[in-house]
Amino acid sequence: MTVETFDPQAASTPVSVTPAAVAHFRRQLQKDSNARAVRLSVKESGCTGFMYVVDLVQEGQAEDLHQQLEDGLELLIDSGSLGVVKGTKIDLVTEGVNRQLKFQNPNVVDQCGCGESFSIAKD
C-alpha cells in the first residue's frame with residue numbers, strides 16, 4: 001500500500017521554471033518593450049509529434065492559465081497544451097558557448113534525434 005500526498009503548490013504551478021530560465025525570460029522581455037509575459041504552448045510538428053513554442057506576448061489568450069513566477073514575471077500556459085506540458089521543468093543550460101532552454105517533461109516518451117520534437121504517451 002502507498003500513501004499519496006497532495007502538494008497544493010505543485011497543483012497551482014503546473015510548470016516549474018528555474019532561476020536561470022526566469023533571468024533569461026526577464027532579459028528577453030527587457031529587449032522587447034511590447035511584451036509583458038512569456039507564453040508557453042505546443043504545436044504539432046517534426047517527426048515525433050509536438051514541439052514547444054515560447055513567445056513573448058503583450059497579453060495571452062482568454063483561456064490561458066496565468067502562473068506567477070519570481071520577481072513578478074508572468075508565464076501564460078495555453079490551456080490546450082496543459083495536458084502535454086503539465087509537470088515540465090524549464091531550465092536555461094549552457095553547453096560550451098551555447099545557451100538554450102531545456103524542457104524536462106515527464107510526459108515525453110520519445111524525442112527525435114535533433115531534439116526539436118517529442119511525443120507523449122497516448123491515454
# chains A, B, ... in the order shown; residues from 1 in each chain; ligands from 1

$ residues_around --residues "segment 85-94 of chain A" --least-positions-apart "5" --cutoff "7 Å" --atoms "only C-alpha atoms" --output "PDB file with N, CA, C and O atoms, in the first residue's frame"
ATOM      1  N   PRO A  14       1.684  24.197 -12.609  1.00  0.00           N
ATOM      2  CA  PRO A  14       1.872  23.014 -13.447  1.00  0.00           C
ATOM      3  C   PRO A  14       3.223  22.963 -14.149  1.00  0.00           C
ATOM      4  O   PRO A  14       3.672  21.902 -14.550  1.00  0.00           O
ATOM      5  N   VAL A  15       3.883  24.104 -14.293  1.00  0.00           N
ATOM      6  CA  VAL A  15       5.195  24.161 -14.929  1.00  0.00           C
ATOM      7  C   VAL A  15       6.146  24.864 -13.968  1.00  0.00           C
ATOM      8  O   VAL A  15       5.801  25.902 -13.406  1.00  0.00           O
ATOM      9  N   SER A  16       7.320  24.292 -13.762  1.00  0.00           N
ATOM     10  CA  SER A  16       8.315  24.969 -12.923  1.00  0.00           C
ATOM     11  C   SER A  16       9.385  25.587 -13.821  1.00  0.00           C
ATOM     12  O   SER A  16       9.680  25.073 -14.903  1.00  0.00           O
ATOM     13  N   VAL A  17       9.930  26.690 -13.368  1.00  0.00           N
ATOM     14  CA  VAL A  17      10.924  27.434 -14.134  1.00  0.00           C
ATOM     15  C   VAL A  17      12.091  27.736 -13.206  1.00  0.00           C
ATOM     16  O   VAL A  17      11.892  28.305 -12.123  1.00  0.00           O
ATOM     17  N   THR A  18      13.298  27.349 -13.617  1.00  0.00           N
ATOM     18  CA  THR A  18      14.469  27.576 -12.781  1.00  0.00           C
ATOM     19  C   THR A  18      14.824  29.056 -12.743  1.00  0.00           C
ATOM     20  O   THR A  18      14.439  29.820 -13.644  1.00  0.00           O
ATOM     21  N   ALA A  20      17.585  30.414 -13.498  1.00  0.00           N
ATOM     22  CA  ALA A  20      18.337  30.753 -14.717  1.00  0.00           C
ATOM     23  C   ALA A  20      17.390  31.039 -15.878  1.00  0.00           C
ATOM     24  O   ALA A  20      17.595  31.987 -16.651  1.00  0.00           O
ATOM     25  N   ALA A  21      16.323  30.247 -16.009  1.00  0.00           N
ATOM     26  CA  ALA A  21      15.356  30.472 -17.085  1.00  0.00           C
ATOM     27  C   ALA A  21      14.543  31.737 -16.832  1.00  0.00           C
ATOM     28  O   ALA A  21      14.252  32.488 -17.766  1.00  0.00           O
ATOM     29  N   ARG A  99      23.849  28.700 -25.102  1.00  0.00           N
ATOM     30  CA  ARG A  99      22.835  28.618 -24.051  1.00  0.00           C
ATOM     31  C   ARG A  99      21.511  28.316 -24.720  1.00  0.00           C
ATOM     32  O   ARG A  99      21.202  28.880 -25.772  1.00  0.00           O
ATOM     33  N   GLN A 100      20.733  27.431 -24.097  1.00  0.00           N
ATOM     34  CA  GLN A 100      19.418  27.134 -24.658  1.00  0.00           C
ATOM     35  C   GLN A 100      18.462  26.679 -23.573  1.00  0.00           C
ATOM     36  O   GLN A 100      18.877  26.187 -22.531  1.00  0.00           O
ATOM     37  N   LEU A 101      17.177  26.876 -23.856  1.00  0.00           N
ATOM     38  CA  LEU A 101      16.149  26.399 -22.944  1.00  0.00           C
ATOM     39  C   LEU A 101      16.035  24.884 -23.078  1.00  0.00           C
ATOM     40  O   LEU A 101      16.035  24.349 -24.186  1.00  0.00           O
ATOM     41  N   LYS A 102      15.934  24.218 -21.944  1.00  0.00           N
ATOM     42  CA  LYS A 102      15.718  22.770 -21.908  1.00  0.00           C
ATOM     43  C   LYS A 102      14.398  22.517 -21.194  1.00  0.00           C
ATOM     44  O   LYS A 102      14.119  23.129 -20.167  1.00  0.00           O
ATOM     45  N   PHE A 103      13.627  21.608 -21.730  1.00  0.00           N
ATOM     46  CA  PHE A 103      12.332  21.251 -21.165  1.00  0.00           C
ATOM     47  C   PHE A 103      12.425  19.826 -20.633  1.00  0.00           C
ATOM     48  O   PHE A 103      12.629  18.897 -21.404  1.00  0.00           O
ATOM     49  N   GLN A 104      12.316  19.685 -19.335  1.00  0.00           N
ATOM     50  CA  GLN A 104      12.324  18.369 -18.705  1.00  0.00           C
ATOM     51  C   GLN A 104      10.869  18.011 -18.433  1.00  0.00           C
ATOM     52  O   GLN A 104      10.283  18.441 -17.446  1.00  0.00           O
ATOM     53  N   ASN A 105      10.300  17.229 -19.349  1.00  0.00           N
ATOM     54  CA  ASN A 105       8.872  16.948 -19.335  1.00  0.00           C
ATOM     55  C   ASN A 105       8.643  15.471 -19.019  1.00  0.00           C
ATOM     56  O   ASN A 105       9.023  14.604 -19.810  1.00  0.00           O
ATOM     57  N   PRO A 106       8.002  15.159 -17.888  1.00  0.00           N
ATOM     58  CA  PRO A 106       7.775  13.766 -17.526  1.00  0.00           C
ATOM     59  C   PRO A 106       6.788  13.044 -18.440  1.00  0.00           C
ATOM     60  O   PRO A 106       6.693  11.819 -18.399  1.00  0.00           O
TER      61      PRO A 106
END

$ residues_around --residues "segment 61-72 of chain A" --least-positions-apart "4" --cutoff "10 Å" --atoms "only C-alpha atoms" --output "JSON list (two decimals) with C-alpha atoms, in the first residue's frame"
[["chain", "number", "residue", "atom", "x", "y", "z"],
["A", 12, "SER", "CA", -1.15, 25.52, -8.65],
["A", 13, "THR", "CA", 2.10, 25.57, -10.65],
["A", 14, "PRO", "CA", 1.87, 23.01, -13.45],
["A", 15, "VAL", "CA", 5.19, 24.16, -14.93],
["A", 16, "SER", "CA", 8.32, 24.97, -12.92],
["A", 17, "VAL", "CA", 10.92, 27.43, -14.13],
["A", 18, "THR", "CA", 14.47, 27.58, -12.78],
["A", 19, "PRO", "CA", 16.01, 30.88, -11.68],
["A", 22, "VAL", "CA", 13.48, 33.24, -15.24],
["A", 23, "ALA", "CA", 16.53, 35.52, -15.65],
["A", 26, "ARG", "CA", 13.39, 38.68, -17.95],
["A", 37, "ALA", "CA", 4.69, 38.00, -20.40],
["A", 38, "VAL", "CA", 6.04, 34.68, -21.62],
["A", 39, "ARG", "CA", 3.56, 32.27, -23.25],
["A", 40, "LEU", "CA", 4.14, 28.53, -23.46],
["A", 41, "SER", "CA", 2.29, 26.26, -25.86],
["A", 57, "VAL", "CA", 3.44, 38.46, -25.68],
["A", 76, "LEU", "CA", 0.97, 32.11, -19.63],
["A", 77, "ILE", "CA", 0.23, 28.49, -20.48],
["A", 78, "ASP", "CA", -2.03, 27.62, -23.39],
["A", 79, "SER", "CA", -4.94, 25.67, -21.89],
["A", 80, "GLY", "CA", -4.98, 23.31, -24.87],
["A", 81, "SER", "CA", -1.33, 22.44, -24.23],
["A", 82, "LEU", "CA", -1.68, 21.95, -20.47]]

$ atom_distance --atom1 "atom CA of Ala121 of chain A" --atom2 "atom CA of Cys47 of chain A"
15.4 Å

$ atom_distance --atom1 "atom CA of Glu116 of chain A" --atom2 "atom CA of Val84 of chain A"
15.2 Å

$ select_by_dssp --residues "chain A" --states "strand (DSSP E or B)" --output "PyMOL selection string"
chain A and resi 16-17+37-45+49-57+65-68+74-77+89-95+98-104+108-111+118-120

$ closest_residue --among "A:Ser117, A:Phe25, A:Gln30, A:Gln111" --to "Lys43 of chain A" --atoms "only C-alpha atoms"
A:Ser117

$ atom_distance --atom1 "atom CA of Gly96 of chain A" --atom2 "atom CA of Val42 of chain A"
27.4 Å

$ residues_around --residues "Ser33 of chain A" --least-positions-apart "4" --cutoff "10 Å" --atoms "only C-alpha atoms" --output "PyMOL selection string"
chain A and resi 28-29+58

$ closest_residue --among "A:Val54, A:Gly49, A:Leu73, A:Phe118" --to "Arg36 of chain A" --atoms "only C-alpha atoms"
A:Leu73

$ select_by_dssp --residues "chain A" --states "helix (DSSP H, G or I)" --output "ChimeraX atom specification"
/A:8-12,19-31,70-72,79-85
